[in-house]
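Only one structure is covered here, and it is reproduced in the block below.
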Amino acid sequence: MAGTGKAPLRDRPDVLLSVEELTVEFPVGRHEVVHAVSGISFDVAEGETLGIVGESGCGKSTVARSIIRLNEIRGGKVVFEGNDLATLKGEALRQHRPNLQMIFQDPISSLNPRRKVRDVISEGVRVWGGGKGAWSQGRIDELMHAVGVDPKFGDRRPHQFSGGQCQRIGIARALAMDPKVLICDEPVSALDVSVQAQVLNLLEDMKKRYGLTLLFISHDLSVVKNVSDRIIVMYLGKACEIGSADELYEHPRHPYTRALLASIPEPATTVDVSEGNIDGELPSPINPPTGCRFNTRCPHADEICFEVEPQMEAVGDDHFIACHHPVAVSISA
Amino acid sequence: MGDDNFPNVEVAMEDVLDPTPDDAVKRKLGVGFWIAIGWLALITLLAILAPILPIDGQNVTGAGGRLDGPSMSHLFGTDANGRDVFARTIWGARVSLSVGFIAIVAGMGIGGPLGIISGYFRGKIDAVISFVFVSLLSFPSLVLALLIVNSLDRSLKVVAMVLGILAIAPIGRLARANTIVFAEREFVQAARVIGAKDVRIMVRELLPNVLIPMGALALLGVAVAIVAEGGLAFLGLSVKEGATWGKMILAGSDARTLRTGTHVAMAPIGVMFLTVLALNYAGDRVRSYFDVRETAF
Amino acid sequence: MADSLLSVNDLCVRFPTDRGVVQAVNGVSFELEQGQTLGIVGESGSGKSVTAKTLMNLLPRSAEVDGSVVFDGRDVTELARRGESHFWGVQMTMVFQDPMTSLNPVKRCGEQIAETLRYHLGHNRKTAIAESIDLLEQVGIPEPAKRARQYPHELSGGLRQRVVIAMALACQPRLLIADEPTTAVDVTVQKLLLDLLDKLRRDRGMSMILITHDLGVARGRCDDISVMYAGRIVERSDAETLFTDSRHPYTNALLRSIPRIDQPSHTRLDPIPGRPPEQIDPPEQCSFAPRCRYAQPDCMSAVPELGGLMGLHSFACHHPSNTPRGEQALAANLEAGQTAAGLHIHPIEEAAH
């Protein structure tokens with residue numbers, strides 16, 4: 001599985017963000033590096049929601065954090081509106097910040113416990129000048145209304161709100177910047193089951209209302225499917241399969257995607273998961289397998305998989321996989 | 001919706017989105033804290049008002065007999081030179097408290113920012129600043145004090161400065177450790193994503209969080225500095241002019257005085273003990289009061 | 001029932017805190033038969049973990065416990081009072097969510113299992129080590145002899161949890177309590193672990209209590225499922241009935257609020273408003289009423305008892321969904337535009353896709 005190859009990049013005028021052969025490595029110890037992301041390419045069109053799904057350690061959060069430049073990027077491009085964010089530094093990078101905002105995983109950790117929630121939400125407006133005028137106060141109130149937190153509680157501090165409410169406040173903070181792209185890194189995984197749906201619906205509403213483009217990262221396959229138009233499945237720093245949400249879940253072609261779907265505690269009958277179990281453990285990202293990175297656990301792996309890294313190839317209309325032995329589409333009535 | 005025969009119903013979300021009521025999360029500092037603060041306020045007030053209080057000057061001799069025990073006219077008795085111990089304890093508070101507070105303000109003023117910078121930027125800056133902290137900590141503090149006080153003079157300023165320098169490293173390291181913890185929190189990353197500059201992040205996001213543990217340590221630090229002044233006095237290195245608690249204890253603790261007039265040493269020791277206790281207790285309460293105020297539960 | 005292994009009767013657990021007494025568990029009763037698996041499903045704060053800790057005698061001293069727990073005819077609270085040390089860990093054991101907290105980081109995995117065997121069963125060192133390697137093999141750890149000599153941090157999360165399971169099984173327990181055993185691991189590993197637990201349980205004729213927040217995990221792994229909300233069991237039935245014919249509005253709403261993999265993307269979710277209540281001085285009412293679209297005046301004044309049509313399926317609700325009484329309540333609320341708790345509801349013509 002090699003996500004190497006730019007095949008999934010689309011030549012469309014409305015592509016807002018395109019990531020080309022992104023590589024991220026973190027040094028550990030003296031001479032070792034973690035190959036967190038190794039040459040992944042994809043793009044996001046305006047108004048689209050791109051889901052990134054995979055297990056822990058697959059590099060999905062690193063991709064998100066690299067796009068928003070919270071990580072050092074080792075190689076590749078992150079092109080947003082014609083600018084390569086990967087090479088920007090200092091003030092030039094800062095000027096681009098408002099366009100790309102992020103929702104974090106832990107709603108409580110993502111709010112400063114010592115600040116009033118109104119100040120948390122309006123911080124961005126003040127960083128970029130403004131915030132004193134009535135216009136901004138009105139706008140903050142409007143945002144709080146939009147995300148479902150009564151503005152009259154604006155003087156409370158984060159610890160007085162529940163996790164779900166804190167996540168709403170985090171969403172309002174991001175929206176205050178008037179972003180074009182909203183990156184959501186596991187936004188509901190820290191929330192109670194009964195509260196997750198509230199936040200997912202809210203994200204959909206906000207996307208429509210403010211014309212956002214979403215990048216949605218999660219380990220939860222059902223959640224990702226619910227919010228996404230297009231989905232990337234990642235494994236050990238590489239992309240294995242990219243496709244439209246419904247197509248990918250109904251006709252998964254990559255053995256890993258099938259294994260993931262088959263592992264859901266309650267697989268749905270409409271999804272083709274004829275592949276069954278995968279065994280073994282995730283290899284170390286410090287020393288990933290050569291050839292296809294999934295070869296240690298793949299039921300179909302043979303010689304070529306250990307020697308040659310598969311390239312991303314189209315297997316259907318807007319459906320790409322990186323596999324030497326794609327699983328055949330079963331034709332069912 | 002799937003296989004169930006449910007009528008589609010929309011529920012208004014905002015009806016049930018009230019935060020936890022304000023009063024439900026109030027915590028108490030406790031009576032002990034307010035007693036401690038009361039004592040500290042009293043001592044501070046007396047020290048400030050010493051010149052206008054109806055008490056003897058600190059060096060007025062012959063106010064009574066030598067080594068008189070406590071009486072109505074001399075609450076804490078008199079010392080070997082016939083000076084009023086009560087008056088001298090109050091005058092001594094001026095020096096002891098000043099030394100304590102100046103030292104800690106210096107420690108926080110220098111150590112705090114250095115610690116935050118070090119913990120926020122990490123890397124080379126951190127290596128350099130941490131090396132300075134470690135050097136300060138590993139330098140024998142008594143030798144440092146001896147060197148500085150002997151090469152300069154024994155004024156209040158110099159003694160406070162010495163103690164201030166000694167306070168930089170512990171406070172700085174605490175600030176650094178706390179900064180590292182908070183800098184990893186997502187709200188700091190969120191501030192960066194919004195486009196806040198480094199200085200703004202350090203001042204607006206990190207400082208308010210680091211200040212509380214630092215303030216709690218500072219209260220304990222004042223106590224340590226007051227005790228340290230006592231130690232310096234025994235080495236003859238305390239402030240030259242005027243009474244200090246340390247010098248009073250020293251004067252009261254030679255064998256003859258201790259035998260005939262225990263009160264001369266006991267009075268400043270008692271006051272110092274209560275003050276240090278109050279500072280420690282208040283520091284502890286402040287820390288636990290602001291601790292864990294993160295979630296509603 | 002004569003043949004039940006564990007019988008919990010009207011269990012109440014209270015924690016005094018600065019802000020008041022927290023009613024963590026409020027009158028929980030259930031029976032578990034030999035060889036059966038009971039699922040306890042609930043959100044954080046529902047009391048599911050506190051129930052498990054009560055059974056395992058792991059509550060802090062400040063906790064006030066009422067009610068009875070009888071295991072195989074023996075009063076468990078009495079055992080706790082006597083300081084019985086060879087009951088927990090032998091007859092009844094537990095697997096926790098985070099394997100790192102149950103393993104000692106400075107001891108080799110094999111030794112930790114061996115220690116359990118030596119302490120409870122009086123094995124000598126040699127046989128204990130040999131048996132621990134055997135146990136590691138039974139839980140599907142490859143190269144068990146090598147793994148036994150490794151420290152917990154050298155193993156992956158999935159393997160660590162297997163070591164914990166091996167340790168829990170060491171003394172042939174009759175009841176295994178698994179508290180969110182797979183929350184800390186990935187889906188592919190989760191499936192393997194759940195399959196393993198299932199197999200071990202069947203092979204040994206053990207009983208199991210599986211505690212989870214994930215309804216999907218409980219389905220297909222449990223004979224019976226109890227749904228907990230705010231310290232109470234609100235619905236209990238066999239696993240399939242719960243998913244196809246749930247009666248408590250909470251279970252129902254929960255099932256409908258979770259995104260499902262067989263729905264097309266962008267299916268509008270049907271969320272539960274609000275959040276779980278705090279359990280300090282809970283009012284005398286159904287604890288779900290403020291979030292419930294069926295809520296009627298009687299829900300606001302009386303706590304519903306757990307009861308039902310037949311013994312197998314019971315639920316604590318005055319106006320259960322999928323019943324005429326429930327439909328009437330919903331229709332009345334829709335007409336009024338709000339529920340008895342003041343929650344505004346109105347019908348929508350079609351689900352937004």
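Lettering and numbering for the structure tokens are positional, with chains as A, B, ... in the shown order, residues counted from 1 in each chain, and ligands counted from 1 in the shown order.
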
Extract, using only C-alpha atoms, all DNA, RNA and protein residues at most 9 Å from Met206 in chain A, discarding same-chain residues fewer than 6 positions from it, and format them as a PDB file with C-alpha atoms, in the first residue's frame.
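around07.pdb was written with the following content:
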ATOM      1  CA  ALA A 146     -25.408  29.511  15.886  1.00  0.00           C
ATOM      2  CA  VAL A 147     -23.535  26.804  17.764  1.00  0.00           C
ATOM      3  CA  ILE A 171     -16.448  25.344  16.885  1.00  0.00           C
ATOM      4  CA  LEU A 175     -15.894  29.999  12.900  1.00  0.00           C
ATOM      5  CA  LEU A 212     -17.121  25.567   4.673  1.00  0.00           C
TER       6      LEU A 212
END

Within 8 Å of chain A, which residues belong to chain C? Use only C-alpha atoms and report them as a VMD selection string. chain C and resid 43 to 44 156 158 186 to 188 190 to 192 213 to 214 216 to 217 219 to 220 254 257 to 275

For chain A against chain B, which residues fall within 6 Å using only C-alpha atoms, given as a PyMOL selection string? chain A and resi 94+97-98+109-113+124+127+148+159-161

Write the residues of the selection above to a file with C-alpha atoms, as a PDB file, in the first residue's frame.
ATOM      1  CA  ARG A  94       0.527  33.641  10.084  1.00  0.00           C
ATOM      2  CA  ARG A  97      -3.798  31.089   9.434  1.00  0.00           C
ATOM      3  CA  PRO A  98      -7.398  32.389   9.531  1.00  0.00           C
ATOM      4  CA  SER A 109      -8.254  20.652  26.851  1.00  0.00           C
ATOM      5  CA  SER A 110      -8.798  22.862  23.836  1.00  0.00           C
ATOM      6  CA  LEU A 111     -10.226  25.734  25.891  1.00  0.00           C
ATOM      7  CA  ASN A 112      -8.105  27.814  28.230  1.00  0.00           C
ATOM      8  CA  PRO A 113      -9.524  27.078  31.699  1.00  0.00           C
ATOM      9  CA  GLY A 124      -9.149  35.479  17.032  1.00  0.00           C
ATOM     10  CA  VAL A 127      -5.623  38.998  17.384  1.00  0.00           C
ATOM     11  CA  GLY A 148     -26.243  26.536  20.427  1.00  0.00           C
ATOM     12  CA  HIS A 159     -15.196  24.147  33.417  1.00  0.00           C
ATOM     13  CA  GLN A 160     -18.827  25.091  33.879  1.00  0.00           C
ATOM     14  CA  PHE A 161     -19.781  23.545  30.568  1.00  0.00           C
TER      15      PHE A 161
END

Just need the residues of chain C within 10 Å of chain B, counting only C-alpha atoms, so spit them out as a ChimeraX atom specification. /C:18-20,244-245,252,256,260,262-263,267-275,278,290-293,321-322,327,330-331,334,337-338,341-351

Please save C-alpha atoms of the selected residues as a PDB file, in the first residue's frame.
ATOM      1  CA  ASP C  18     -17.869  18.775  48.542  1.00  0.00           C
ATOM      2  CA  ARG C  19     -20.933  19.610  46.515  1.00  0.00           C
ATOM      3  CA  GLY C  20     -23.268  17.005  47.928  1.00  0.00           C
ATOM      4  CA  THR C 244     -35.262  -4.608  17.374  1.00  0.00           C
ATOM      5  CA  ASP C 245     -37.956  -3.756  19.885  1.00  0.00           C
ATOM      6  CA  ASN C 252     -34.516   4.049  21.514  1.00  0.00           C
ATOM      7  CA  ARG C 256     -31.316   6.311  16.521  1.00  0.00           C
ATOM      8  CA  ARG C 260     -24.952   3.697  11.096  1.00  0.00           C
ATOM      9  CA  ASP C 262     -25.569   1.086   6.326  1.00  0.00           C
ATOM     10  CA  GLN C 263     -27.024   4.545   5.999  1.00  0.00           C
ATOM     11  CA  THR C 267     -27.966  11.042   6.643  1.00  0.00           C
ATOM     12  CA  ARG C 268     -29.364  13.527   9.103  1.00  0.00           C
ATOM     13  CA  LEU C 269     -28.863  12.185  12.637  1.00  0.00           C
ATOM     14  CA  ASP C 270     -31.576  12.277  15.244  1.00  0.00           C
ATOM     15  CA  PRO C 271     -29.736  13.423  18.356  1.00  0.00           C
ATOM     16  CA  ILE C 272     -30.742  13.325  21.997  1.00  0.00           C
ATOM     17  CA  PRO C 273     -30.894  16.884  23.308  1.00  0.00           C
ATOM     18  CA  GLY C 274     -29.043  17.961  26.411  1.00  0.00           C
ATOM     19  CA  ARG C 275     -26.688  15.852  28.423  1.00  0.00           C
ATOM     20  CA  GLU C 278     -25.830  15.201  37.519  1.00  0.00           C
ATOM     21  CA  PRO C 290     -35.816  16.356  30.717  1.00  0.00           C
ATOM     22  CA  ARG C 291     -34.346  14.926  27.488  1.00  0.00           C
ATOM     23  CA  CYS C 292     -37.271  12.725  26.528  1.00  0.00           C
ATOM     24  CA  ARG C 293     -39.720  13.527  23.789  1.00  0.00           C
ATOM     25  CA  SER C 321     -42.015   3.816  23.008  1.00  0.00           C
ATOM     26  CA  ASN C 322     -43.456   1.292  20.544  1.00  0.00           C
ATOM     27  CA  GLU C 327     -47.502   6.886  20.935  1.00  0.00           C
ATOM     28  CA  LEU C 330     -45.719  11.584  21.765  1.00  0.00           C
ATOM     29  CA  ALA C 331     -48.797  12.676  19.842  1.00  0.00           C
ATOM     30  CA  LEU C 334     -46.336  17.108  19.347  1.00  0.00           C
ATOM     31  CA  GLY C 337     -45.376  21.669  20.820  1.00  0.00           C
ATOM     32  CA  GLN C 338     -43.507  20.760  23.949  1.00  0.00           C
ATOM     33  CA  ALA C 341     -40.357  18.987  30.878  1.00  0.00           C
ATOM     34  CA  GLY C 342     -40.614  21.999  28.588  1.00  0.00           C
ATOM     35  CA  LEU C 343     -38.629  20.555  25.697  1.00  0.00           C
ATOM     36  CA  HIS C 344     -39.857  22.058  22.426  1.00  0.00           C
ATOM     37  CA  ILE C 345     -40.587  19.492  19.766  1.00  0.00           C
ATOM     38  CA  HIS C 346     -42.312  19.643  16.423  1.00  0.00           C
ATOM     39  CA  PRO C 347     -42.785  17.235  13.535  1.00  0.00           C
ATOM     40  CA  ILE C 348     -40.671  17.569  10.432  1.00  0.00           C
ATOM     41  CA  GLU C 349     -42.007  16.574   7.077  1.00  0.00           C
ATOM     42  CA  GLU C 350     -39.074  14.548   5.853  1.00  0.00           C
ATOM     43  CA  ALA C 351     -35.653  13.655   7.099  1.00  0.00           C
TER      44      ALA C 351
END

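The list of residues with at least one atom within 8 Å of range 118-130 of chain B, based on only C-alpha atoms and without residues fewer than 2 positions apart in the same chain, reads Leu114, Gly115, Ile116, Val132, Phe133, Val134, Arg173, Ala175, Arg176, Ala177, Asn178, Thr179, Ile180, Ala183 and Met202 of chain B.
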
Find the residues of range 32-143 of chain A that sit at most 12 Å from range 11-19 of chain A; for each, write down the nearest two atoms and how far apart they are in Å, to one decimal. Count only C-alpha atoms. Sort by chain, then by number going up, and give it as a Markdown table.
| residue | atom | partner | partner_atom | distance |
| --- | --- | --- | --- | --- |
| A:Val37 | CA | A:Val19 | CA | 11.9 |
| A:Gly39 | CA | A:Val19 | CA | 9.5 |
| A:Ile40 | CA | A:Val19 | CA | 7.3 |
| A:Ser41 | CA | A:Val19 | CA | 5.2 |
| A:Phe42 | CA | A:Val19 | CA | 5.3 |
| A:Asp43 | CA | A:Ser18 | CA | 4.0 |
| A:Val44 | CA | A:Leu17 | CA | 5.3 |
| A:Ala45 | CA | A:Val15 | CA | 3.9 |
| A:Glu46 | CA | A:Leu16 | CA | 5.3 |
| A:Gly47 | CA | A:Leu16 | CA | 8.8 |
| A:Glu48 | CA | A:Val15 | CA | 9.4 |
| A:Thr49 | CA | A:Leu16 | CA | 11.6 |
| A:Leu50 | CA | A:Leu17 | CA | 10.8 |
| A:Val63 | CA | A:Val19 | CA | 9.2 |
| A:Ala64 | CA | A:Val19 | CA | 10.6 |
| A:Ser66 | CA | A:Val19 | CA | 10.0 |
| A:Ile67 | CA | A:Val19 | CA | 8.0 |
| A:Ile68 | CA | A:Leu17 | CA | 11.4 |
| A:Ile73 | CA | A:Val19 | CA | 11.7 |
| A:Gly75 | CA | A:Val19 | CA | 10.8 |
| A:Gly76 | CA | A:Val19 | CA | 7.6 |
| A:Lys77 | CA | A:Val19 | CA | 5.7 |
| A:Val78 | CA | A:Val19 | CA | 4.5 |
| A:Val79 | CA | A:Ser18 | CA | 5.1 |
| A:Phe80 | CA | A:Leu17 | CA | 4.7 |
| A:Glu81 | CA | A:Leu16 | CA | 6.2 |
| A:Gly82 | CA | A:Leu17 | CA | 8.8 |
| A:Asn83 | CA | A:Leu17 | CA | 9.7 |
| A:Asp84 | CA | A:Val19 | CA | 9.3 |
| A:Leu85 | CA | A:Val19 | CA | 9.9 |
| A:Ala86 | CA | A:Val19 | CA | 9.6 |
| A:Asn99 | CA | A:Leu17 | CA | 11.0 |
| A:Leu100 | CA | A:Leu17 | CA | 10.1 |

Which residues, written as a ChimeraX atom specification, have at least one atom at most 12 Å from Asn9 in chain C, with only C-alpha atoms counted and residues fewer than 5 positions away on the same chain left out? /C:25-32,51,55,65-71,75-77

Dump C-alpha atoms for the selected residues as a short mmCIF file (atom, residue, chain, number, x, y, z; two decimals), in the first residue's frame?
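Printed below is part31.cif as written:
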data_model
loop_
_atom_site.label_atom_id
_atom_site.label_comp_id
_atom_site.auth_asym_id
_atom_site.auth_seq_id
_atom_site.Cartn_x
_atom_site.Cartn_y
_atom_site.Cartn_z
CA VAL C 25 -25.84 3.73 41.58
CA ASN C 26 -29.49 3.90 42.54
CA GLY C 27 -31.27 0.61 43.11
CA VAL C 28 -29.69 -1.75 40.62
CA SER C 29 -30.81 -5.39 40.64
CA PHE C 30 -29.89 -8.20 38.30
CA GLU C 31 -29.21 -11.92 38.17
CA LEU C 32 -26.53 -13.67 36.22
CA THR C 51 -21.46 -1.21 39.73
CA LEU C 55 -18.84 -6.16 42.82
CA VAL C 65 -23.03 0.94 49.73
CA ASP C 66 -26.51 -0.47 50.34
CA GLY C 67 -28.20 -3.56 48.99
CA SER C 68 -27.02 -7.11 48.65
CA VAL C 69 -24.64 -8.93 46.35
CA VAL C 70 -24.83 -12.72 46.54
CA PHE C 71 -22.32 -14.83 44.64
CA ASP C 75 -22.88 -12.72 50.69
CA VAL C 76 -20.16 -10.70 48.97
CA THR C 77 -20.43 -7.68 51.26
#

Just give me the gap between CA of Glu72 in chain A and CA of Thr23 in chain A in Å, one decimal is fine. 9.7 Å

Would you please extract all strand (DSSP E) residues from range 170-254 of chain C, as assigned by DSSP on the backbone, and give them as an MDAnalysis selection string? chainID C and resid 175:179 207:212 224:229 232:238

Work out how far apart CA of Met144 in chain A and CA of Glu186 in chain A are and give it in Å to one decimal. 21.7 Å

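Counting from CA of Leu237 in chain B, the distance to CA of Gly109 in chain B is 24.6 Å.
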
Which parts of range 2-152 of chain A does DSSP call helix (DSSP H, G or I) when run on the backbone here, written out as a PyMOL selection string? chain A and resi 60-67+85-87+90-99+117-127+134-147+151-152

Export, as a short mmCIF file (atom, residue, chain, number, x, y, z; two decimals), in the first residue's frame, the selected residues with N, CA and C atoms.
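Result file result.cif:
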data_model
loop_
_atom_site.label_atom_id
_atom_site.label_comp_id
_atom_site.auth_asym_id
_atom_site.auth_seq_id
_atom_site.Cartn_x
_atom_site.Cartn_y
_atom_site.Cartn_z
N LYS A 60 -3.18 9.83 10.36
CA LYS A 60 -4.28 10.70 9.93
C LYS A 60 -4.26 12.05 10.64
N SER A 61 -3.97 12.04 11.95
CA SER A 61 -3.89 13.31 12.67
C SER A 61 -2.68 14.12 12.24
N THR A 62 -1.60 13.42 11.92
CA THR A 62 -0.40 14.12 11.47
C THR A 62 -0.67 14.85 10.16
N VAL A 63 -1.44 14.23 9.28
CA VAL A 63 -1.81 14.89 8.03
C VAL A 63 -2.54 16.19 8.34
N ALA A 64 -3.51 16.10 9.25
CA ALA A 64 -4.29 17.29 9.60
C ALA A 64 -3.39 18.38 10.18
N ARG A 65 -2.54 17.97 11.10
CA ARG A 65 -1.70 18.95 11.78
C ARG A 65 -0.64 19.52 10.85
N SER A 66 -0.28 18.77 9.81
CA SER A 66 0.69 19.29 8.86
C SER A 66 0.05 20.33 7.96
N ILE A 67 -1.18 20.06 7.55
CA ILE A 67 -1.86 21.02 6.69
C ILE A 67 -1.99 22.36 7.41
N LEU A 85 1.69 26.14 1.40
CA LEU A 85 1.81 26.42 2.83
C LEU A 85 3.03 25.74 3.45
N ALA A 86 3.47 24.65 2.82
CA ALA A 86 4.57 23.88 3.40
C ALA A 86 5.86 24.69 3.48
N THR A 87 6.01 25.66 2.58
CA THR A 87 7.27 26.42 2.57
C THR A 87 7.14 27.76 3.29
N GLY A 90 6.92 32.00 9.49
CA GLY A 90 6.76 33.24 10.23
C GLY A 90 5.51 34.02 9.86
N GLU A 91 5.69 35.30 9.56
CA GLU A 91 4.58 36.20 9.34
C GLU A 91 3.76 35.80 8.11
N ALA A 92 4.44 35.34 7.06
CA ALA A 92 3.72 34.94 5.84
C ALA A 92 2.77 33.79 6.15
N LEU A 93 3.22 32.86 6.98
CA LEU A 93 2.37 31.74 7.37
C LEU A 93 1.22 32.23 8.23
N ARG A 94 1.54 33.13 9.16
CA ARG A 94 0.53 33.64 10.08
C ARG A 94 -0.61 34.31 9.32
N GLN A 95 -0.26 35.02 8.24
CA GLN A 95 -1.29 35.70 7.46
C GLN A 95 -2.28 34.71 6.85
N HIS A 96 -1.84 33.47 6.65
CA HIS A 96 -2.73 32.47 6.07
C HIS A 96 -3.56 31.73 7.11
N ARG A 97 -3.17 31.88 8.37
CA ARG A 97 -3.80 31.09 9.43
C ARG A 97 -5.33 31.14 9.44
N PRO A 98 -5.93 32.34 9.38
CA PRO A 98 -7.40 32.39 9.53
C PRO A 98 -8.15 31.52 8.53
N ASN A 99 -7.58 31.29 7.35
CA ASN A 99 -8.28 30.52 6.33
C ASN A 99 -8.51 29.07 6.70
N VAL A 117 -15.60 32.14 28.25
CA VAL A 117 -15.80 31.54 26.93
C VAL A 117 -15.99 32.62 25.85
N ARG A 118 -16.56 33.76 26.23
CA ARG A 118 -16.71 34.83 25.25
C ARG A 118 -15.34 35.30 24.76
N ASP A 119 -14.39 35.38 25.71
CA ASP A 119 -13.03 35.79 25.33
C ASP A 119 -12.35 34.73 24.48
N VAL A 120 -12.63 33.47 24.81
CA VAL A 120 -12.06 32.38 24.02
C VAL A 120 -12.53 32.51 22.57
N ILE A 121 -13.83 32.76 22.40
CA ILE A 121 -14.38 32.82 21.04
C ILE A 121 -13.89 34.06 20.30
N SER A 122 -13.76 35.18 21.03
CA SER A 122 -13.42 36.42 20.34
C SER A 122 -11.91 36.65 20.24
N GLU A 123 -11.13 35.72 20.80
CA GLU A 123 -9.67 35.91 20.77
C GLU A 123 -9.15 36.15 19.35
N GLY A 124 -9.63 35.35 18.41
CA GLY A 124 -9.15 35.48 17.03
C GLY A 124 -9.44 36.85 16.46
N VAL A 125 -10.66 37.35 16.73
CA VAL A 125 -11.03 38.67 16.22
C VAL A 125 -10.09 39.72 16.79
N ARG A 126 -9.73 39.54 18.08
CA ARG A 126 -8.84 40.53 18.69
C ARG A 126 -7.40 40.41 18.19
N VAL A 127 -6.98 39.17 17.92
CA VAL A 127 -5.62 39.00 17.38
C VAL A 127 -5.49 39.77 16.08
N ALA A 134 -18.99 47.25 18.67
CA ALA A 134 -20.27 46.56 18.84
C ALA A 134 -20.43 45.50 17.76
N TRP A 135 -19.86 45.76 16.59
CA TRP A 135 -19.99 44.81 15.49
C TRP A 135 -19.47 43.44 15.91
N SER A 136 -18.30 43.45 16.55
CA SER A 136 -17.70 42.17 16.92
C SER A 136 -18.50 41.50 18.03
N GLN A 137 -18.93 42.29 19.02
CA GLN A 137 -19.71 41.68 20.10
C GLN A 137 -20.97 41.05 19.54
N GLY A 138 -21.61 41.76 18.61
CA GLY A 138 -22.81 41.22 18.00
C GLY A 138 -22.51 39.94 17.25
N ARG A 139 -21.36 39.93 16.59
CA ARG A 139 -20.98 38.76 15.80
C ARG A 139 -20.70 37.57 16.73
N ILE A 140 -20.04 37.84 17.86
CA ILE A 140 -19.76 36.75 18.81
C ILE A 140 -21.08 36.18 19.32
N ASP A 141 -22.02 37.08 19.65
CA ASP A 141 -23.33 36.62 20.11
C ASP A 141 -23.99 35.75 19.05
N GLU A 142 -23.90 36.21 17.82
CA GLU A 142 -24.52 35.47 16.73
C GLU A 142 -23.90 34.08 16.59
N LEU A 143 -22.58 34.04 16.72
CA LEU A 143 -21.88 32.76 16.62
C LEU A 143 -22.29 31.81 17.74
N MET A 144 -22.38 32.39 18.96
CA MET A 144 -22.76 31.55 20.09
C MET A 144 -24.16 30.99 19.89
N HIS A 145 -25.05 31.83 19.38
CA HIS A 145 -26.39 31.35 19.04
C HIS A 145 -26.31 30.23 18.02
N ALA A 146 -25.49 30.47 16.99
CA ALA A 146 -25.41 29.51 15.89
C ALA A 146 -24.97 28.14 16.37
N VAL A 147 -24.02 28.11 17.31
CA VAL A 147 -23.53 26.80 17.76
C VAL A 147 -24.35 26.27 18.93
N PRO A 151 -25.69 33.14 24.55
CA PRO A 151 -24.68 34.19 24.81
C PRO A 151 -24.72 34.71 26.24
N LYS A 152 -25.83 34.52 26.95
CA LYS A 152 -25.87 35.04 28.32
C LYS A 152 -24.91 34.27 29.24
#

Quick one: residues within 8 Å of Val162 in chain B, only C-alpha atoms, excluding same-chain residues fewer than 4 positions away - as a ChimeraX atom specification? /B:103,144-145,148-149,158,166

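With distances restricted to only C-alpha atoms, B:Ile171 is the closest residue to Gly221 in chain B from B:Ile171, B:Pro140, B:Thr44, B:Gly82.
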
Within 9 Å of Ala130 in chain C using only C-alpha atoms, minus same-chain residues under 5 positions, as number ranges by chain: C: 110, 114, 125, 135, 145

Generate the output file for the selected residues, C-alpha atoms, as a PDB file, in the first residue's frame.
ATOM      1  CA  GLY C 110       5.186 -13.735  33.035  1.00  0.00           C
ATOM      2  CA  ALA C 114       2.996 -16.198  38.174  1.00  0.00           C
ATOM      3  CA  ARG C 125       7.815 -20.497  41.462  1.00  0.00           C
ATOM      4  CA  LEU C 135      -1.898 -19.041  29.942  1.00  0.00           C
ATOM      5  CA  ALA C 145       7.887 -17.953  26.438  1.00  0.00           C
TER       6      ALA C 145
END

Considering only C-alpha atoms, return as an NGL selection string whatever protein or nucleic-acid residues lie within 12 Å of Val224 in chain B, sequence-local ones (same chain, fewer than 2 positions apart) excluded. :B and (96-97 or 99-101 or 103-104 or 163-164 or 166-167 or 170 or 217-222 or 226-231 or 272-273 or 275-277 or 279-280)
